[in-house]
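**Student:** Provided herewith is a single structure, encoded as structure tokens, for subsequent inquiry.
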Amino acid sequence: MKNKKELRIGLIGCGFMGRTHSNAYKRVGDFFPALDYLPVLKAVCARNGDKVKSFAEQWGYESFETDWRRLIERKDIDAVDICTPNDSHAEIARAAALAGKMVLCEKPLARTLAESQTMVDAVEKAGVPNMVWYNYRRIPAVTLAKQIVDSGKLGRIFHFRANFLQDWTINANLPQGGEGLWRMDAAVSGSGVLGDLLSHCIDTAMWLNGGIRDVSAMMETFIKERMHQLTGHVEQVSIDDACTFHCHFHNGSLGNFESTRYARGHKALYTFEINGANASLRWDLHDLNRLEFFDNGDESRLKGWRSIHVTDGDHPYMDKWWVPGLGIGYEHSFVHQAADFLESLTTGKPCSPTFSEALETQKVCQAVYDSALTGTWRDTSINQ
Ligand code: SOE
């Protein structure tokens, strides 16, 4: 076995994302044996002592902390991975960078563009490797879409459309805020579906189709008041339950984006479609191993949408898993992203999306927010 260098991880936050990242660190060495670096689960941190202790035991962390400042001070941590609710991303990231740690952060980068900018400044000043977990780029079918777009096969691109649809907040009795429901509390999350769901769509869209120039948006909060879990009072709901926008990309194509938590019947339906002059592509998270492709250059009698089962050895990442024809899942996108980050430590090339790249997504989110509030088109070239 190759002599590995250690990347000692300090993970902060042990909710859903803490689990996806921990799983990635645990799996990556087994499935990407050629990597020079191997993550070591050094410490996990969360405020609730009982919870973090049992998380550490369950996932195999060597130790735990209940104060993130203590974790950042530790000499035996190389990389700080932020999986906390959005309101603490900026403070933790700045402190970690200042302490010279590499910083990985769950999406969205932060609640606002202004907060995000401070994070970019901090990692750039410290010169530390950094990355944001926009995991969907690393689903093999989505990575294949990127390869096809980059090959020029689509020709001039006219349209990009994406949806991210859920239905888990329709019940008016669902409280807001607190454990498990912080995504519904704007003070903590910064926004509703805009930062939580649309940010994924925007990241993928700009990766595939280049930058977005301007946006026109609308947002709606269908249920205006809910009980707050922490205060016990009925309080105003300030998140966007639904947000849609259309936009111009810099390449001249048009974009349409829709996200909502009120699409009854949809749990996490992320789809996108790209239409070019010569070909089109579409992808659907519920059938994530498939990429649909229409090539206008096909012989006319045989022309039609083909459904590519992206499980062959020459498909992105798939040579690392099973045998052709056997699919993989949501969690593998995080394993791939961990692998790419570890690889970047060997090559010295930044692992995309960096904080600086994720800031571009924040600019679009900010423009969408401002547009919805003012009812006007907004440019995305906003500087803080
Ligand atoms: C919200 O329900 C959520 O878990 C997001 O926070 C994730 O980023 C998304 O991938 C799935 O939905």
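Going by the structure tokens order, chains are called A, B, ..., each with residues numbered from 1, while ligands are numbered from 1 in the order shown.
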Show me which residues are within 7 Å of ligand 1 counting only C-alpha atoms and all ligand atoms, and format the list as a ChimeraX atom specification.
**Tutor:** /A:107,196-197,268
**Student:** What's the 7 Å shell around Leu254 in chain A, counting only C-alpha atoms, without same-chain residues fewer than 4 positions away, as a ChimeraX atom specification?
**Tutor:** /A:158-160,247-249
**Student:** Kindly export the residues of the current selection with N, CA and C atoms, as a PDB file, in the first residue's frame.
**Tutor:**
ATOM      1  N   PHE A 158     -29.005  28.011 -26.465  1.00  0.00           N
ATOM      2  CA  PHE A 158     -30.117  28.970 -26.418  1.00  0.00           C
ATOM      3  C   PHE A 158     -30.792  29.027 -25.049  1.00  0.00           C
ATOM      4  N   HIS A 159     -30.968  27.839 -24.445  1.00  0.00           N
ATOM      5  CA  HIS A 159     -31.750  27.794 -23.201  1.00  0.00           C
ATOM      6  C   HIS A 159     -31.095  26.935 -22.140  1.00  0.00           C
ATOM      7  N   PHE A 160     -31.227  27.398 -20.898  1.00  0.00           N
ATOM      8  CA  PHE A 160     -30.872  26.582 -19.734  1.00  0.00           C
ATOM      9  C   PHE A 160     -32.046  26.680 -18.775  1.00  0.00           C
ATOM     10  N   CYS A 247     -33.292  34.817 -16.572  1.00  0.00           N
ATOM     11  CA  CYS A 247     -32.017  35.544 -16.643  1.00  0.00           C
ATOM     12  C   CYS A 247     -31.421  35.471 -18.042  1.00  0.00           C
ATOM     13  N   HIS A 248     -30.421  36.338 -18.249  1.00  0.00           N
ATOM     14  CA  HIS A 248     -29.565  36.234 -19.437  1.00  0.00           C
ATOM     15  C   HIS A 248     -28.206  35.707 -18.990  1.00  0.00           C
ATOM     16  N   PHE A 249     -27.708  34.712 -19.689  1.00  0.00           N
ATOM     17  CA  PHE A 249     -26.315  34.293 -19.480  1.00  0.00           C
ATOM     18  C   PHE A 249     -25.417  35.181 -20.338  1.00  0.00           C
TER      19      PHE A 249
END
**Student:** Per residue of range 107-188 of chain A within 12 Å of range 205-219 of chain A, note the shortest atom pair and the distance in Å to one decimal, counting only C-alpha atoms, and order the rows by chain and increasing residue number, as JSON lines.
**Tutor:**
{"residue": "A:Tyr134", "atom": "CA", "partner": "A:Trp207", "partner_atom": "CA", "distance": 10.8}
{"residue": "A:Tyr136", "atom": "CA", "partner": "A:Ala205", "partner_atom": "CA", "distance": 10.9}
{"residue": "A:Arg137", "atom": "CA", "partner": "A:Trp207", "partner_atom": "CA", "distance": 8.3}
{"residue": "A:Arg138", "atom": "CA", "partner": "A:Trp207", "partner_atom": "CA", "distance": 11.6}
{"residue": "A:Val142", "atom": "CA", "partner": "A:Leu208", "partner_atom": "CA", "distance": 9.1}
{"residue": "A:Thr143", "atom": "CA", "partner": "A:Leu208", "partner_atom": "CA", "distance": 9.2}
{"residue": "A:Leu144", "atom": "CA", "partner": "A:Leu208", "partner_atom": "CA", "distance": 10.5}
{"residue": "A:Ala145", "atom": "CA", "partner": "A:Leu208", "partner_atom": "CA", "distance": 7.7}
{"residue": "A:Lys146", "atom": "CA", "partner": "A:Leu208", "partner_atom": "CA", "distance": 5.6}
{"residue": "A:Gln147", "atom": "CA", "partner": "A:Leu208", "partner_atom": "CA", "distance": 9.0}
{"residue": "A:Ile148", "atom": "CA", "partner": "A:Leu208", "partner_atom": "CA", "distance": 9.5}
{"residue": "A:Val149", "atom": "CA", "partner": "A:Leu208", "partner_atom": "CA", "distance": 6.8}
{"residue": "A:Asp150", "atom": "CA", "partner": "A:Leu208", "partner_atom": "CA", "distance": 8.0}
{"residue": "A:Ser151", "atom": "CA", "partner": "A:Leu208", "partner_atom": "CA", "distance": 11.4}
{"residue": "A:Gly152", "atom": "CA", "partner": "A:Asn209", "partner_atom": "CA", "distance": 11.3}
{"residue": "A:Leu154", "atom": "CA", "partner": "A:Asn209", "partner_atom": "CA", "distance": 11.0}
{"residue": "A:Gly155", "atom": "CA", "partner": "A:Asn209", "partner_atom": "CA", "distance": 11.8}
{"residue": "A:Arg156", "atom": "CA", "partner": "A:Asn209", "partner_atom": "CA", "distance": 10.6}
{"residue": "A:Ile157", "atom": "CA", "partner": "A:Asn209", "partner_atom": "CA", "distance": 8.1}
{"residue": "A:Phe158", "atom": "CA", "partner": "A:Asn209", "partner_atom": "CA", "distance": 10.1}
{"residue": "A:His159", "atom": "CA", "partner": "A:Asn209", "partner_atom": "CA", "distance": 9.5}
{"residue": "A:Phe160", "atom": "CA", "partner": "A:Ala205", "partner_atom": "CA", "distance": 7.4}
{"residue": "A:Arg161", "atom": "CA", "partner": "A:Ala205", "partner_atom": "CA", "distance": 8.5}
{"residue": "A:Ala162", "atom": "CA", "partner": "A:Ala205", "partner_atom": "CA", "distance": 8.1}
{"residue": "A:Asn163", "atom": "CA", "partner": "A:Ala205", "partner_atom": "CA", "distance": 11.2}
**Student:** Go ahead and write the residues just picked, N, CA and C atoms, as a tab-separated table (two decimals), in the first residue's frame.
**Tutor:**
chain	number	residue	atom	x	y	z
A	134	TYR	N	-20.68	22.10	-3.30
A	134	TYR	CA	-21.79	22.02	-4.26
A	134	TYR	C	-21.66	20.65	-4.91
A	136	TYR	N	-23.55	18.42	-6.43
A	136	TYR	CA	-24.21	17.83	-7.61
A	136	TYR	C	-23.33	17.83	-8.87
A	137	ARG	N	-22.34	18.72	-8.89
A	137	ARG	CA	-21.42	18.70	-10.04
A	137	ARG	C	-20.75	17.33	-10.21
A	138	ARG	N	-20.60	16.63	-9.08
A	138	ARG	CA	-19.82	15.38	-9.11
A	138	ARG	C	-20.68	14.13	-9.23
A	142	VAL	N	-23.88	14.32	-14.36
A	142	VAL	CA	-23.75	15.78	-14.45
A	142	VAL	C	-22.34	16.14	-14.94
A	143	THR	N	-21.36	15.41	-14.46
A	143	THR	CA	-19.99	15.65	-14.94
A	143	THR	C	-19.89	15.31	-16.43
A	144	LEU	N	-20.61	14.26	-16.84
A	144	LEU	CA	-20.62	13.93	-18.27
A	144	LEU	C	-21.27	15.05	-19.07
A	145	ALA	N	-22.33	15.64	-18.51
A	145	ALA	CA	-22.97	16.78	-19.19
A	145	ALA	C	-21.95	17.89	-19.41
A	146	LYS	N	-21.13	18.13	-18.40
A	146	LYS	CA	-20.10	19.17	-18.52
A	146	LYS	C	-19.11	18.82	-19.65
A	147	GLN	N	-18.71	17.55	-19.71
A	147	GLN	CA	-17.77	17.15	-20.77
A	147	GLN	C	-18.40	17.34	-22.15
A	148	ILE	N	-19.69	17.02	-22.25
A	148	ILE	CA	-20.36	17.16	-23.56
A	148	ILE	C	-20.49	18.64	-23.94
A	149	VAL	N	-20.88	19.47	-22.98
A	149	VAL	CA	-21.00	20.91	-23.28
A	149	VAL	C	-19.63	21.45	-23.69
A	150	ASP	N	-18.59	21.10	-22.93
A	150	ASP	CA	-17.25	21.62	-23.22
A	150	ASP	C	-16.72	21.14	-24.57
A	151	SER	N	-17.20	19.97	-25.02
A	151	SER	CA	-16.73	19.46	-26.32
A	151	SER	C	-17.31	20.28	-27.46
A	152	GLY	N	-18.33	21.10	-27.17
A	152	GLY	CA	-18.94	21.93	-28.21
A	152	GLY	C	-20.06	21.22	-28.96
A	154	LEU	N	-23.07	20.69	-28.36
A	154	LEU	CA	-24.40	21.30	-28.33
A	154	LEU	C	-24.51	22.47	-29.31
A	155	GLY	N	-23.35	22.99	-29.73
A	155	GLY	CA	-23.38	24.18	-30.58
A	155	GLY	C	-23.79	25.38	-29.75
A	156	ARG	N	-24.27	26.40	-30.43
A	156	ARG	CA	-24.69	27.60	-29.70
A	156	ARG	C	-25.80	27.25	-28.71
A	157	ILE	N	-25.67	27.67	-27.48
A	157	ILE	CA	-26.68	27.34	-26.48
A	157	ILE	C	-27.73	28.45	-26.41
A	158	PHE	N	-29.01	28.01	-26.47
A	158	PHE	CA	-30.12	28.97	-26.42
A	158	PHE	C	-30.79	29.03	-25.05
A	159	HIS	N	-30.97	27.84	-24.44
A	159	HIS	CA	-31.75	27.79	-23.20
A	159	HIS	C	-31.10	26.93	-22.14
A	160	PHE	N	-31.23	27.40	-20.90
A	160	PHE	CA	-30.87	26.58	-19.73
A	160	PHE	C	-32.05	26.68	-18.78
A	161	ARG	N	-32.60	25.55	-18.37
A	161	ARG	CA	-33.69	25.63	-17.37
A	161	ARG	C	-33.45	24.61	-16.27
A	162	ALA	N	-33.79	25.03	-15.06
A	162	ALA	CA	-33.58	24.15	-13.91
A	162	ALA	C	-34.71	24.31	-12.92
A	163	ASN	N	-35.02	23.20	-12.24
A	163	ASN	CA	-36.02	23.19	-11.17
A	163	ASN	C	-35.45	22.48	-9.97
**Student:** For the structure I just gave you, how does DSSP split range 36-264 of chain A - specifically, which residues are strand (DSSP E)? Reply as a ChimeraX atom specification.
**Tutor:** /A:37-45,63-65,79-82,102-106,130-133,157-165,212-220,225-227,234-236,242-249,254-260
**Student:** For a test of reading the model, state the distance in Å between CA of Gln337 in chain A and CA of His250 in chain A, rounded to one decimal.
**Tutor:**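 Pair CA of Gln337 in chain A / CA of His250 in chain A returns 27.2 Å.
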**Student:** Which residue, A:Met184, A:Glu124, A:Ile72, A:Pro85, has the smallest gap to Thr354 in chain A when you use only C-alpha atoms?
**Tutor:** A:Glu124
**Student:** Write out as a ChimeraX atom specification the residues lying within 6 Å of Lys320 in chain A, counting only C-alpha atoms and excluding same-chain residues fewer than 2 positions away.
**Tutor:** /A:31,317-318
**Student:** From range 65-195 of chain A, collect each residue whose DSSP state is helix (DSSP H, G or I) and return the set as a ChimeraX atom specification.
**Tutor:** /A:68-73,86-98,113-126,135-138,140-151,182-184,186-189,193-195
**Student:** So which one's closest to Glu62 in chain A, A:Arg8, A:Asp50, A:Tyr25, A:Leu165? Using only C-alpha atoms, please.
**Tutor:** A:Arg8
**Student:** What's around Asn135 in chain A at 9 Å? Count only C-alpha atoms, leave out sequence neighbours fewer than 3 positions away in its own chain, and write the answer as JSON, numbers by chain.
**Tutor:** {"A": [107, 132, 138, 139, 200, 330, 333, 334, 336, 337]}
**Student:** Take the residues just selected and output them with C-alpha atoms as a JSON list (two decimals), in the first residue's frame.
**Tutor:**
[["chain", "number", "residue", "atom", "x", "y", "z"],
["A", 107, "LYS", "CA", -23.26, 25.37, 0.64],
["A", 132, "VAL", "CA", -17.55, 24.70, -1.14],
["A", 138, "ARG", "CA", -19.82, 15.38, -9.11],
["A", 139, "ILE", "CA", -22.71, 13.12, -9.99],
["A", 200, "HIS", "CA", -27.31, 24.41, -6.28],
["A", 330, "TYR", "CA", -26.44, 10.71, -3.93],
["A", 333, "SER", "CA", -21.15, 12.83, -5.20],
["A", 334, "PHE", "CA", -19.62, 13.79, -1.84],
["A", 336, "HIS", "CA", -16.05, 12.31, -5.51],
["A", 337, "GLN", "CA", -15.76, 15.83, -4.21]]
**Student:** Using only C-alpha atoms, determine which residues lie at most 7 Å from range 277-294 of chain A, disregarding the query and same-chain residues fewer than 5 positions distant; provide the list as a VMD selection string.
**Tutor:** chain A and resid 141 153 to 157 269 to 272 304 to 311 327 to 328
**Student:** Which of these residues is nearest to Asn86 in chain A, using only C-alpha atoms: A:Gly180, A:Pro129, A:Gly195, A:Pro39?
**Tutor:** A:Gly195
**Student:** Using only C-alpha atoms, pick whichever of A:Asp240, A:Pro140, A:Val123, A:Cys83 has the shortest atom-to-atom distance to Gly313 in chain A.
**Tutor:**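 Closest to Gly313 in chain A of all the choices is A:Pro140.
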**Student:** Using only C-alpha atoms, pick whichever of A:Leu71, A:Ile92, A:Ala126, A:Leu359 has the shortest atom-to-atom distance to Ala114 in chain A.
**Tutor:**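 Closest residue, counting only C-alpha atoms: A:Leu359.
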**Student:** One decimal, in Å: what's the spacing between CA of Asn48 in chain A and CA of Val188 in chain A?
**Tutor:**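 Distance between the two atoms: 17.9 Å.
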**Student:** Restricting the calculation to only C-alpha atoms, which member of A:Asp203, A:Glu57, A:Asp241, A:Glu6 is positioned closest to Cys365 in chain A?
**Tutor:**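 Among A:Asp203, A:Glu57, A:Asp241, A:Glu6, it is A:Asp203 that comes nearest to Cys365 in chain A.
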**Student:** Can you list, as a PyMOL selection string, every protein, DNA or RNA residue that comes within 12 Å of Ile223 in chain A when you count only C-alpha atoms, leaving out same-chain residues fewer than 6 positions away?
**Tutor:** chain A and resi 169-176+184+234-242+261-262
